[in-house]
Structures are given as C-alpha cells and as structure tokens.
$ cat upload.cif   # mmCIF, C-alpha atoms
data_model
loop_
_atom_site.label_atom_id
_atom_site.label_comp_id
_atom_site.auth_asym_id
_atom_site.auth_seq_id
_atom_site.Cartn_x
_atom_site.Cartn_y
_atom_site.Cartn_z
CA MET A 174 -31.60 52.25 86.47
CA SER A 175 -30.79 49.51 83.95
CA GLN A 176 -28.86 46.38 84.90
CA VAL A 177 -26.08 47.40 82.50
CA HIS A 178 -25.79 50.84 84.10
CA ARG A 179 -25.80 49.37 87.61
CA ALA A 180 -23.09 46.89 86.64
CA GLY A 181 -21.01 49.65 85.08
CA THR A 182 -21.41 51.87 88.12
CA ALA A 183 -20.38 49.04 90.43
CA ALA A 184 -17.31 48.36 88.32
CA VAL A 185 -16.28 52.02 88.40
CA LEU A 186 -16.71 52.16 92.18
CA LEU A 187 -14.60 49.01 92.58
CA LEU A 188 -11.88 50.39 90.33
CA THR A 189 -11.98 53.70 92.18
CA ALA A 190 -11.27 51.82 95.40
CA SER A 191 -8.30 50.18 93.70
CA VAL A 192 -7.10 53.53 92.38
CA VAL A 193 -7.20 55.07 95.85
CA LEU A 194 -4.99 52.23 97.04
CA SER A 195 -2.98 51.99 93.82
CA GLY A 196 0.71 51.34 94.01
CA PHE A 197 1.71 48.49 96.25
CA ALA A 198 -1.32 48.09 98.49
CA THR A 199 -1.76 44.50 99.65
CA ALA A 200 -4.05 42.39 101.73
CA SER A 201 -3.92 43.07 105.46
CA GLY A 202 -1.27 41.40 107.55
CA VAL A 203 2.37 40.60 106.94
CA ALA A 204 3.54 39.93 103.40
CA PRO A 205 4.39 36.27 102.78
CA ARG A 206 7.88 34.97 102.22
CA ARG A 207 8.90 35.74 98.66
CA ALA A 208 8.68 32.85 96.22
CA ALA A 209 11.12 32.41 93.36
CA LEU A 210 10.04 34.20 90.21
CA PRO A 211 9.45 31.97 87.17
CA THR A 212 11.76 31.22 84.28
CA PRO A 213 10.78 33.65 81.49
CA GLY A 214 8.82 32.23 78.58
CA THR A 215 9.67 32.55 74.92
CA ALA A 216 7.39 34.49 72.59
CA SER A 217 5.84 31.25 71.30
CA GLN A 218 5.34 29.89 74.80
CA VAL A 219 3.64 33.09 75.98
CA ALA A 220 1.44 33.19 72.87
CA ALA A 221 0.34 29.57 73.32
CA LEU A 222 -0.52 30.00 76.99
CA VAL A 223 -2.43 33.23 76.39
CA ALA A 224 -4.36 31.68 73.50
CA ALA A 225 -5.49 28.83 75.75
CA SER A 226 -6.16 30.97 78.83
CA SER A 227 -9.85 31.66 78.21
CA LYS A 228 -10.55 27.93 78.34
CA ILE A 229 -9.23 27.54 81.89
CA GLU A 230 -12.13 27.04 84.30
CA GLN A 231 -10.56 25.49 87.41
CA LEU A 232 -7.71 26.94 89.41
CA PRO A 233 -4.58 25.05 88.35
CA SER A 234 -2.49 23.16 90.85
CA PRO A 235 0.08 24.29 91.68
CA LEU A 236 -1.11 27.88 91.31
CA VAL A 237 1.67 30.48 91.17
CA PRO A 238 1.61 32.40 93.39
CA LEU A 239 -0.50 30.59 95.96
CA LEU A 240 -4.00 32.01 96.11
CA GLN A 241 -3.51 33.47 99.58
CA ASN A 242 -0.42 35.32 98.31
CA VAL A 243 -1.85 36.82 95.13
CA GLY A 244 -2.61 40.21 96.67
CA TYR A 245 1.04 40.55 97.72
CA ASP A 246 2.55 39.53 94.38
CA ASN A 247 3.93 42.87 93.31
CA ALA A 248 7.40 44.21 92.62
CA ALA A 249 7.80 45.69 96.10
CA ASN A 250 7.49 42.26 97.69
CA TYR A 251 10.62 41.22 95.78
CA TYR A 252 12.42 44.58 95.78
CA PRO A 253 11.33 46.33 99.03
CA VAL A 254 13.32 49.51 98.34
CA VAL A 255 10.68 50.56 95.78
CA ARG A 256 7.66 50.13 98.06
CA LYS A 257 6.98 53.80 98.84
CA GLY A 258 8.06 55.22 95.51
CA CYS A 259 11.41 56.15 93.99
CA SER A 260 12.75 59.68 93.67
CA GLY A 261 16.12 60.83 92.42
CA THR A 262 18.43 58.74 90.29
CA THR A 263 20.31 56.88 93.05
CA GLU A 264 17.49 55.54 95.23
CA CYS A 265 16.22 52.60 93.12
CA VAL A 266 19.01 51.30 90.89
CA PHE A 267 19.25 47.74 89.55
CA GLY A 268 20.99 45.57 87.00
CA ASP A 269 24.60 46.23 86.00
CA LYS A 270 25.32 49.28 88.16
CA SER A 271 28.74 49.77 86.59
CA SER A 272 27.39 49.89 83.04
CA THR A 273 27.79 53.00 80.92
CA THR A 274 24.33 52.30 79.46
CA THR A 275 21.48 53.55 81.63
CA VAL A 276 17.77 52.90 81.16
CA VAL A 277 15.19 54.86 83.16
CA LEU A 278 11.76 53.42 83.92
CA PHE A 279 9.52 56.41 84.65
CA GLY A 280 5.88 56.76 85.69
CA ASP A 281 3.36 55.61 88.25
CA SER A 282 2.66 52.16 89.70
CA HIS A 283 2.25 50.84 86.15
CA ALA A 284 5.91 51.62 85.58
CA ALA A 285 6.86 49.93 88.85
CA MET A 286 4.90 46.79 87.98
CA TRP A 287 7.27 46.14 85.06
CA LEU A 288 10.33 46.24 87.31
CA PRO A 289 10.79 42.43 87.59
CA PRO A 290 11.18 41.76 83.83
CA LEU A 291 13.29 44.85 83.30
CA ILE A 292 15.66 43.88 86.10
CA TYR A 293 16.03 40.50 84.39
CA ASP A 294 16.77 42.30 81.11
CA ALA A 295 19.17 44.73 82.78
CA LYS A 296 21.25 41.83 84.05
CA HIS A 297 21.02 39.93 80.78
CA LEU A 298 21.84 42.92 78.56
CA SER A 299 24.24 44.58 81.04
CA PHE A 300 22.59 47.93 81.52
CA ARG A 301 21.92 49.99 84.63
CA LEU A 302 18.20 50.34 85.39
CA VAL A 303 16.88 53.35 87.31
CA LEU A 304 13.27 53.34 88.48
CA LEU A 305 11.44 56.61 89.16
CA TRP A 306 7.85 56.17 90.27
CA PHE A 307 5.22 58.00 92.31
CA THR A 308 1.88 56.46 93.17
CA GLY A 309 -1.03 57.80 91.11
CA CYS A 310 1.26 60.12 89.14
CA PRO A 311 1.48 59.49 85.39
CA ALA A 312 4.60 60.26 83.41
CA ALA A 313 2.36 62.23 81.06
CA SER A 314 2.46 65.92 81.98
CA LEU A 315 -0.97 66.16 83.58
CA THR A 316 -2.30 67.53 86.83
CA VAL A 317 -4.30 64.75 88.44
CA TRP A 318 -6.86 64.53 91.20
CA ASN A 319 -5.97 62.85 94.49
CA PRO A 320 -9.19 61.21 95.75
CA SER A 321 -7.82 60.65 99.23
CA GLN A 322 -7.01 64.37 99.57
CA HIS A 323 -10.11 65.60 97.70
CA GLY A 324 -7.99 67.95 95.68
CA ILE A 325 -5.34 68.17 92.99
CA ASP A 326 -2.18 66.19 93.57
CA LYS A 327 0.41 68.95 93.91
CA GLY A 328 3.00 66.43 95.03
CA CYS A 329 2.67 64.65 91.70
CA ASP A 330 3.35 67.81 89.70
CA ALA A 331 6.39 68.65 91.82
CA TRP A 332 7.75 65.10 91.65
CA ARG A 333 7.35 64.89 87.88
CA SER A 334 9.05 68.23 87.35
CA GLN A 335 12.00 67.30 89.55
CA SER A 336 12.24 63.83 88.01
CA THR A 337 12.34 65.31 84.52
CA THR A 338 15.23 67.52 85.59
CA ASP A 339 17.00 64.57 87.22
CA ILE A 340 16.60 62.40 84.12
CA LYS A 341 18.03 65.10 81.88
CA LYS A 342 21.08 65.41 84.14
CA LEU A 343 21.52 61.64 84.12
CA ALA A 344 21.45 61.58 80.31
CA PRO A 345 20.33 57.94 79.97
CA SER A 346 20.39 56.02 76.73
CA LEU A 347 16.71 55.12 77.00
CA VAL A 348 13.69 56.30 78.97
CA LEU A 349 10.68 53.97 79.25
CA LEU A 350 7.39 55.69 80.13
CA SER A 351 4.52 53.71 81.61
CA ASP A 352 1.22 54.92 83.06
CA ARG A 353 -2.12 53.72 84.35
CA THR A 354 -4.53 55.13 81.78
CA THR A 355 -7.83 53.84 83.19
CA ALA A 356 -10.28 56.18 84.92
CA VAL A 357 -7.74 58.86 85.80
CA ASP A 358 -9.28 62.11 87.06
CA GLY A 359 -7.75 65.47 86.23
CA SER A 360 -7.58 68.77 88.07
CA THR A 361 -11.36 69.23 88.11
CA GLY A 362 -12.02 65.82 89.62
CA LYS A 363 -13.39 64.51 86.31
CA ILE A 364 -11.84 62.00 83.92
CA ILE A 365 -9.13 63.61 81.77
CA ALA A 366 -10.09 64.37 78.17
CA ASN A 367 -8.45 62.38 75.37
CA ALA A 368 -6.78 65.40 73.78
CA ALA A 369 -5.35 66.53 77.12
CA TRP A 370 -3.86 63.11 77.80
CA ARG A 371 -2.29 62.92 74.38
CA ALA A 372 -0.84 66.42 74.75
CA GLY A 373 0.51 65.58 78.20
CA MET A 374 2.30 62.50 76.94
CA GLU A 375 3.67 64.35 73.91
CA HIS A 376 5.03 67.02 76.26
CA THR A 377 6.85 64.48 78.42
CA ILE A 378 8.33 62.64 75.45
CA SER A 379 9.51 65.92 73.92
CA ALA A 380 10.99 67.11 77.21
CA LEU A 381 13.07 63.97 77.70
CA ALA A 382 14.11 62.98 74.17
CA GLY A 383 17.41 64.19 72.79
CA PRO A 384 20.11 63.36 70.26
CA GLN A 385 21.54 60.66 72.54
CA VAL A 386 18.38 59.87 74.53
CA LYS A 387 15.61 57.69 73.16
CA VAL A 388 12.17 57.68 74.73
CA ALA A 389 9.71 54.80 74.36
CA VAL A 390 6.21 54.24 75.73
CA ILE A 391 5.08 50.96 77.30
CA GLY A 392 1.37 50.71 76.63
CA ASP A 393 -1.13 50.11 79.41
CA ILE A 394 -2.95 46.86 80.16
CA THR A 395 -6.68 46.23 80.39
CA ALA A 396 -8.29 46.85 83.78
CA LEU A 397 -10.32 43.96 85.16
CA THR A 398 -13.78 44.42 86.62
CA ASN A 399 -13.28 42.17 89.65
CA GLU A 400 -10.58 42.14 92.32
CA VAL A 401 -8.61 39.04 91.37
CA PRO A 402 -7.75 37.43 94.75
CA GLN A 403 -11.28 37.66 96.11
CA CYS A 404 -12.91 36.64 92.83
CA LEU A 405 -10.71 33.58 92.36
CA ALA A 406 -11.36 32.48 95.93
CA ALA A 407 -15.11 32.64 95.28
CA ASN A 408 -14.93 31.03 91.80
CA ALA A 409 -12.30 28.30 92.06
CA ASN A 410 -14.18 26.09 89.60
CA LYS A 411 -15.44 28.88 87.33
CA ILE A 412 -12.53 31.27 87.14
CA GLN A 413 -13.71 32.80 83.86
CA ASN A 414 -16.32 34.54 86.00
CA CYS A 415 -13.34 36.68 86.98
CA SER A 416 -12.27 37.49 83.41
CA SER A 417 -13.02 40.74 81.59
CA PRO A 418 -13.45 41.61 77.91
CA ASN A 419 -10.52 43.21 76.14
CA PRO A 420 -10.93 46.14 75.90
CA ASN A 421 -13.13 46.45 78.96
CA PRO A 422 -16.15 48.63 78.02
CA GLY A 423 -16.78 49.43 81.68
CA PHE A 424 -13.83 51.84 81.85
CA LYS A 425 -12.54 54.80 79.90
CA THR A 426 -8.87 54.50 79.06
CA HIS A 427 -6.23 56.55 77.28
CA VAL A 428 -4.42 53.66 75.63
CA ALA A 429 -5.15 55.03 72.15
CA ASP A 430 -4.06 58.53 73.22
CA GLU A 431 -0.68 57.30 74.45
CA LYS A 432 -0.18 55.34 71.24
CA ALA A 433 -1.04 58.44 69.20
CA ALA A 434 1.32 60.58 71.27
CA ALA A 435 4.16 58.13 70.75
CA LYS A 436 3.52 58.13 67.01
CA ALA A 437 3.38 61.93 66.85
CA GLU A 438 6.72 62.19 68.70
CA HIS A 439 8.31 59.32 66.74
CA ALA A 440 8.77 57.33 69.95
CA PRO A 441 8.66 53.52 69.88
CA TYR A 442 5.53 52.02 71.43
CA VAL A 443 5.76 48.68 73.26
CA ASN A 444 2.32 47.06 73.34
CA PRO A 445 2.02 44.33 76.00
CA GLN A 446 -1.72 43.70 75.52
CA SER A 447 -1.36 40.49 73.54
CA TRP A 448 1.07 39.15 76.15
CA LEU A 449 -1.76 39.06 78.70
CA CYS A 450 -5.08 38.88 76.86
CA THR A 451 -6.91 37.69 73.77
CA LYS A 452 -10.38 39.16 73.25
CA LYS A 453 -10.80 38.31 76.89
CA CYS A 454 -8.43 38.81 79.81
CA SER A 455 -8.31 35.65 81.88
CA PRO A 456 -7.12 36.04 85.48
CA VAL A 457 -4.94 32.96 85.00
CA VAL A 458 -2.55 32.12 82.17
CA GLY A 459 -0.98 28.67 82.33
CA ASN A 460 -0.73 28.15 86.08
CA MET A 461 0.13 31.80 86.81
CA VAL A 462 -2.15 34.49 88.21
CA VAL A 463 -1.83 37.40 85.81
CA TYR A 464 -3.05 40.32 87.97
CA TYR A 465 -2.65 40.94 91.69
CA ASP A 466 -5.65 43.32 91.79
CA THR A 467 -7.83 44.90 89.08
CA LEU A 468 -5.16 47.13 87.58
CA HIS A 469 -1.68 45.65 87.91
CA ALA A 470 0.16 42.67 86.45
CA SER A 471 1.50 40.33 89.11
CA ALA A 472 5.25 40.18 89.65
CA THR A 473 5.12 36.50 88.75
CA TYR A 474 3.53 37.05 85.38
CA ALA A 475 5.53 40.19 84.66
CA GLU A 476 8.74 38.23 85.19
CA TYR A 477 7.46 35.56 82.81
CA LEU A 478 7.36 38.25 80.10
CA SER A 479 11.06 39.19 80.47
CA LEU A 480 12.19 37.83 77.10
CA LEU A 481 9.41 39.67 75.27
CA PHE A 482 10.42 42.94 76.92
CA GLU A 483 14.04 42.18 76.07
CA ALA A 484 13.19 41.72 72.40
CA ALA A 485 11.29 45.02 72.41
CA ILE A 486 13.94 47.18 74.09
CA LYS A 487 17.20 45.65 72.87
CA PRO A 488 16.98 47.43 69.49
CA LEU A 489 16.56 50.73 71.35
CA LEU A 490 19.86 50.41 73.24
CA PRO A 491 23.23 51.63 71.94
CA ALA A 492 24.98 49.08 69.75
CA GLY A 493 27.52 47.02 71.63
#
$ encode --input "upload.cif" --output "structure tokens"
Amino acid sequence: MSQVHRAGTAAVLLLTASVVLSGFATASGVAPRRAALPTPGTASQVAALVAASSKIEQLPSPLVPLLQNVGYDNAANYYPVVRKGCSGTTECVFGDKSSTTTVVLFGDSHAAMWLPPLIYDAKHLSFRLVLLWFTGCPAASLTVWNPSQHGIDKGCDAWRSQSTTDIKKLAPSLVLLSDRTTAVDGSTGKIIANAAWRAGMEHTISALAGPQVKVAVIGDITALTNEVPQCLAANANKIQNCSSPNPNPGFKTHVADEKAAAKAEHAPYVNPQSWLCTKKCSPVVGNMVVYYDTLHASATYAEYLSLLFEAAIKPLLPAG
C-alpha cells in the first residue's frame, strides 16, 4: 500500500470517527465555563486575518478559546437548549421573538454550528430565528446511513419530513439550509453519488420555497485531516502541521452539488469558504481557533463572522 493511500485511509478513518460523534460531542468531563464570544469582524478584517493565517506557526497568546477548551467551543456550550437537537418550531427560538419576520435555520450539525452568528444577526436585524437540526441528518432529501446503528437512519427521514411540514405551517420569510457534505454515506452504506445529492437538495429547496418564502443554501466548509485540539497540543510551535489543503483531496464532498442545486432552483448560495481558508485551511486565524474538531467551525470563530453573514442574508429579508 502506498504512503499516499495509507495517509488517505487514515484520514477517512479519523473523519469517520468524527462523523459518528458529529453534532456537539466534546472532550470528556464537564464543559468549561462559557467565555464571552468575540466582537464580530468586518469583511476587511476577516479577509486580512485569513490571508495571513497560513503564516502562523506558534500558538498565539492569548488563544481564544483556551486550548483546553477548544473541543467544547460549539454552539451548545453557549445555548444549551440546542444540545440534543431541535424539533418543532417552538423548541429553539432566538433573536427578536416578537418579530413578524421569521428565519429558519434547517439541517444537521453544520446548520447548528452557524447559530452564534445568526443569533447576533437576528438581534441586530430584529428577526425571529428558529433552529431545526438533527445530528447526522442533512436538509437535502436523502436517506443516510447511521454508522452507530449499522443501518439506515429512519429517524432522520421522519424528522426531515415532519420538519418540512412544520416549516410550511410556520411560513417563514427565509429558510437557510446547511449540511455537512463530507463523506456522507447513503442507504447502502456507501458514499452518496453526486447526482443523488444534487437531486436531494433540489427537492428540499422546491418543497420549502414559495411566493412569500425564500430559501437559501449556506455552503459547507472544508473538513480538516487532523482533530484540532489534539493536533494543536502536539504542535504548539508548528501549528501548520494541523492545517489542510483547500479543498482537501482526502475527502469526497458535495459542495459543488449543493451549489449546482441552488443554482438550478434559483436559490441564493452563501459561500463561507473564503471566510475561513485560503488555498490552505489554518487551524488558527488571528488568535482564534477556527474549528473545534475536524468538521465544525468553533463558536468563537463563527461569531466573528456575524457581520459577513448579516451582509449575505439582509438582502433576502423583507424590506423594512
């Protein structure tokens, strides 16, 4: 077996472990006391920090969050109500709850990871934000494999169907779809084909869009090869050992398929890739840890992107 093949196999096995625990899995023990989330950066500030990120070799001081807290730095640590998933349209509601403008954030843990910036935007733009998420269950209409159950995830199909019905009854102004697109297995236990993913996303967009309801897709982020907390701890003076190329050739993704589906359905596509990575994804941008594992943006860094999300979604909201 070649070194390249061995490295690729190891990366897939590591990511598979992350997928099994995807959602809000954390390091063992009790979650640390929540730190204050950062002041959001402007577009120029984010661009400058990302451009310089691949040159960072030593862990900055102060590091945000602290290295021992990186594995806990997800949305559920700040908003505990979302930890086990959100079903129905009254369970996980944020922002201006009295607003007549409602935005739904719908998908798997990659939808939930964008909760911090969207709560910021909901307060700033005075809309009600409803989160619907189910671990390992994409918004795209696809039957997926549950590795922990060694079978298809029937709960995902049922949850997505009910959530679609609930969203239609709610009649929001905007629905934001967000999925993990890396190494997702379908009903046969094998990675989902490109055409099937695109068709599944087109189906969901079509099912939810209406004359008064806009649907937009938030694109996925690049998966890293190494678990960030452990890798940074072992490479404090060479943190680029923990970076990954963008895109990461070690993993199959459906980023292009979601973008194509959005285009086919005339749905806006919000692409966050350049907000995190250049041609390389550094685990640290500025003094902030960008990912809390291999797959998910940290709550700290997600919050830092609030103004960029605001600029992307504000034009999609009703005037006034």
$ resolve_selection --input "upload.cif" --expression "the PyMOL selection byres ((chain A and resi 298) around 10)" --output "VMD selection string"
chain A and resid 268 to 269 272 274 291 to 297 299 to 301 483 487 490 493
$ residues_around --input "upload.cif" --residues "stretch 388-392 of chain A" --least-positions-apart "2" --cutoff "8 Å" --atoms "all atoms listed in the file" --output "list in words"
Leu347, Val348, Leu349, Leu350, Ser351, Asp352, Ile378, Leu381, Ala382, Val386, Ile394, Val428, Glu431, Lys432, Ala435, Ala440, Pro441, Tyr442, Val443, Asn444, Pro445 and Gln446 of chain A
$ resolve_selection --input "upload.cif" --expression "the PyMOL selection byres ((chain A and resi 319) around 9)" --output "list of chain:residue names"
A:Val193, A:Gly309, A:Val317, A:Trp318, A:Pro320, A:Ser321, A:Gln322, A:His323, A:Gly324, A:Ile325, A:Asp326, A:Lys327, A:Asp358, A:Gly359, A:Ser360, A:Gly362
$ closest_residue --input "upload.cif" --among "A:Phe424, A:Trp287, A:Phe267, A:Tyr474" --to "A:Val219" --atoms "all atoms listed in the file"
A:Tyr474
$ residues_around --input "upload.cif" --residues "A:Asp281" --least-positions-apart "5" --cutoff "8 Å" --atoms "all atoms listed in the file" --output "ChimeraX atom specification"
/A:196,306-312,351-353
$ write_last_selection --input "upload.cif" --atoms "C-alpha atoms" --output "tab-separated table (two decimals), in the frame of the given file"
chain	number	residue	atom	x	y	z
A	196	GLY	CA	0.71	51.34	94.01
A	306	TRP	CA	7.85	56.17	90.27
A	307	PHE	CA	5.22	58.00	92.31
A	308	THR	CA	1.88	56.46	93.17
A	309	GLY	CA	-1.03	57.80	91.11
A	310	CYS	CA	1.26	60.12	89.14
A	311	PRO	CA	1.48	59.49	85.39
A	312	ALA	CA	4.60	60.26	83.41
A	351	SER	CA	4.52	53.71	81.61
A	352	ASP	CA	1.22	54.92	83.06
A	353	ARG	CA	-2.12	53.72	84.35
$ closest_residue --input "upload.cif" --among "A:Ser282, A:Gln385, A:Thr215, A:Ser260" --to "A:Asp339" --atoms "only C-alpha atoms"
A:Ser260
$ resolve_selection --input "upload.cif" --expression "the PyMOL selection byres ((chain A and resi 430) around 12)" --output "CSV table (one decimal) with C-alpha atoms, in the frame of the given file"
chain,number,residue,atom,x,y,z
A,313,ALA,CA,2.4,62.2,81.1
A,352,ASP,CA,1.2,54.9,83.1
A,354,THR,CA,-4.5,55.1,81.8
A,355,THR,CA,-7.8,53.8,83.2
A,365,ILE,CA,-9.1,63.6,81.8
A,366,ALA,CA,-10.1,64.4,78.2
A,367,ASN,CA,-8.4,62.4,75.4
A,368,ALA,CA,-6.8,65.4,73.8
A,369,ALA,CA,-5.4,66.5,77.1
A,370,TRP,CA,-3.9,63.1,77.8
A,371,ARG,CA,-2.3,62.9,74.4
A,372,ALA,CA,-0.8,66.4,74.8
A,373,GLY,CA,0.5,65.6,78.2
A,374,MET,CA,2.3,62.5,76.9
A,375,GLU,CA,3.7,64.4,73.9
A,390,VAL,CA,6.2,54.2,75.7
A,392,GLY,CA,1.4,50.7,76.6
A,393,ASP,CA,-1.1,50.1,79.4
A,425,LYS,CA,-12.5,54.8,79.9
A,426,THR,CA,-8.9,54.5,79.1
A,427,HIS,CA,-6.2,56.6,77.3
A,428,VAL,CA,-4.4,53.7,75.6
A,429,ALA,CA,-5.2,55.0,72.2
A,431,GLU,CA,-0.7,57.3,74.4
A,432,LYS,CA,-0.2,55.3,71.2
A,433,ALA,CA,-1.0,58.4,69.2
A,434,ALA,CA,1.3,60.6,71.3
A,435,ALA,CA,4.2,58.1,70.8
A,436,LYS,CA,3.5,58.1,67.0
A,437,ALA,CA,3.4,61.9,66.8
A,442,TYR,CA,5.5,52.0,71.4
$ residues_around --input "upload.cif" --residues "A:Glu230" --least-positions-apart "4" --cutoff "12 Å" --atoms "all atoms listed in the file" --output "number ranges by chain"
A: 225-226, 405, 408-416, 455-460
$ atom_distance --input "upload.cif" --atom1 "atom CA of A:Tyr252" --atom2 "atom CA of A:Thr395"
24.6 Å
$ atom_distance --input "upload.cif" --atom1 "atom CA of A:Leu304" --atom2 "atom CA of A:Pro289"
11.2 Å
$ residues_around --input "upload.cif" --residues "A:Ala220" --least-positions-apart "2" --cutoff "10 Å" --atoms "only C-alpha atoms" --output "mmCIF file with C-alpha atoms, in the frame of the given file"
data_model
loop_
_atom_site.group_PDB
_atom_site.id
_atom_site.type_symbol
_atom_site.label_atom_id
_atom_site.label_comp_id
_atom_site.auth_asym_id
_atom_site.auth_seq_id
_atom_site.Cartn_x
_atom_site.Cartn_y
_atom_site.Cartn_z
ATOM 1 C CA GLY A 214 8.820 32.230 78.580
ATOM 2 C CA THR A 215 9.670 32.550 74.920
ATOM 3 C CA ALA A 216 7.390 34.490 72.590
ATOM 4 C CA SER A 217 5.840 31.250 71.300
ATOM 5 C CA GLN A 218 5.340 29.890 74.800
ATOM 6 C CA LEU A 222 -0.520 30.000 76.990
ATOM 7 C CA VAL A 223 -2.430 33.230 76.390
ATOM 8 C CA ALA A 224 -4.360 31.680 73.500
ATOM 9 C CA ALA A 225 -5.490 28.830 75.750
ATOM 10 C CA SER A 226 -6.160 30.970 78.830
ATOM 11 C CA SER A 447 -1.360 40.490 73.540
ATOM 12 C CA TRP A 448 1.070 39.150 76.150
ATOM 13 C CA LEU A 449 -1.760 39.060 78.700
ATOM 14 C CA CYS A 450 -5.080 38.880 76.860
ATOM 15 C CA THR A 451 -6.910 37.690 73.770
#
$ closest_residue --input "upload.cif" --among "A:Gln403, A:Thr316, A:Ser346, A:Thr263" --to "A:Pro488" --atoms "only C-alpha atoms"
A:Ser346
$ closest_residue --input "upload.cif" --among "A:Gln231, A:Thr377, A:Thr467, A:Thr337" --to "A:Ala407" --atoms "all atoms listed in the file"
A:Gln231
$ atom_distance --input "upload.cif" --atom1 "atom CA of A:Pro290" --atom2 "atom CA of A:Thr273"
20.3 Å
$ closest_residue --input "upload.cif" --among "A:Ala485, A:Ile340, A:Val463, A:Val277" --to "A:Pro238" --atoms "all atoms listed in the file"
A:Val463
$ axis_aligned_box --input "upload.cif" --around "stretch 303-316 of chain A" --padding-each-side "4 Å" --output "AutoDock Vina command-line options"
--center_x 7.3 --center_y 60.4 --center_z 87.1 --size_x 27.2 --size_y 22.2 --size_z 20.1
$ decode --input "upload.cif" --residues "stretch 230-252 of chain A" --atoms "N, CA and C atoms" --output "compact mmCIF listing (two decimals), in the first residue's frame"
# COMPACT_ATOMS: atom_id res chain seq x y z
N GLU A 230 2.75 30.12 12.86
CA GLU A 230 3.39 28.86 13.23
C GLU A 230 3.26 28.54 14.72
N GLN A 231 3.27 29.56 15.56
CA GLN A 231 3.17 29.33 17.00
C GLN A 231 1.77 29.68 17.48
N LEU A 232 1.31 28.94 18.47
CA LEU A 232 0.01 29.26 19.06
C LEU A 232 0.04 30.68 19.62
N PRO A 233 -0.89 31.52 19.22
CA PRO A 233 -0.90 32.90 19.76
C PRO A 233 -1.24 32.90 21.24
N SER A 234 -0.89 33.99 21.87
CA SER A 234 -1.24 34.19 23.27
C SER A 234 -1.80 35.61 23.42
N PRO A 235 -3.02 35.78 23.88
CA PRO A 235 -3.92 34.71 24.34
C PRO A 235 -4.58 33.98 23.17
N LEU A 236 -4.78 32.69 23.31
CA LEU A 236 -5.51 31.90 22.33
C LEU A 236 -6.97 31.87 22.74
N VAL A 237 -7.87 32.07 21.77
CA VAL A 237 -9.30 32.09 22.05
C VAL A 237 -9.99 31.02 21.21
N PRO A 238 -10.67 30.05 21.83
CA PRO A 238 -10.70 29.81 23.27
C PRO A 238 -9.37 29.22 23.75
N LEU A 239 -9.23 29.06 25.05
CA LEU A 239 -8.05 28.40 25.58
C LEU A 239 -7.94 27.01 24.99
N LEU A 240 -6.71 26.54 24.82
CA LEU A 240 -6.51 25.26 24.15
C LEU A 240 -7.30 24.13 24.81
N GLN A 241 -7.33 24.11 26.12
CA GLN A 241 -8.04 23.03 26.81
C GLN A 241 -9.56 23.10 26.62
N ASN A 242 -10.04 24.23 26.10
CA ASN A 242 -11.49 24.41 25.91
C ASN A 242 -11.93 24.28 24.46
N VAL A 243 -10.99 24.08 23.55
CA VAL A 243 -11.32 24.08 22.12
C VAL A 243 -12.39 23.04 21.79
N GLY A 244 -12.25 21.84 22.31
CA GLY A 244 -13.19 20.77 22.00
C GLY A 244 -14.61 21.02 22.47
N TYR A 245 -14.78 21.99 23.36
CA TYR A 245 -16.12 22.34 23.86
C TYR A 245 -16.71 23.56 23.16
N ASP A 246 -15.94 24.18 22.26
CA ASP A 246 -16.33 25.50 21.75
C ASP A 246 -17.34 25.39 20.61
N ASN A 247 -18.52 24.90 20.96
CA ASN A 247 -19.58 24.79 19.97
C ASN A 247 -20.82 25.54 20.45
N ALA A 248 -21.79 25.65 19.58
CA ALA A 248 -22.98 26.46 19.88
C ALA A 248 -23.71 25.98 21.13
N ALA A 249 -23.72 24.67 21.36
CA ALA A 249 -24.46 24.14 22.51
C ALA A 249 -23.87 24.56 23.83
N ASN A 250 -22.57 24.88 23.86
CA ASN A 250 -21.95 25.33 25.10
C ASN A 250 -22.43 26.73 25.48
N TYR A 251 -22.90 27.47 24.49
CA TYR A 251 -23.41 28.83 24.73
C TYR A 251 -24.94 28.86 24.78
N TYR A 252 -25.56 27.93 24.07
CA TYR A 252 -27.02 27.86 24.00
C TYR A 252 -27.42 26.40 24.27
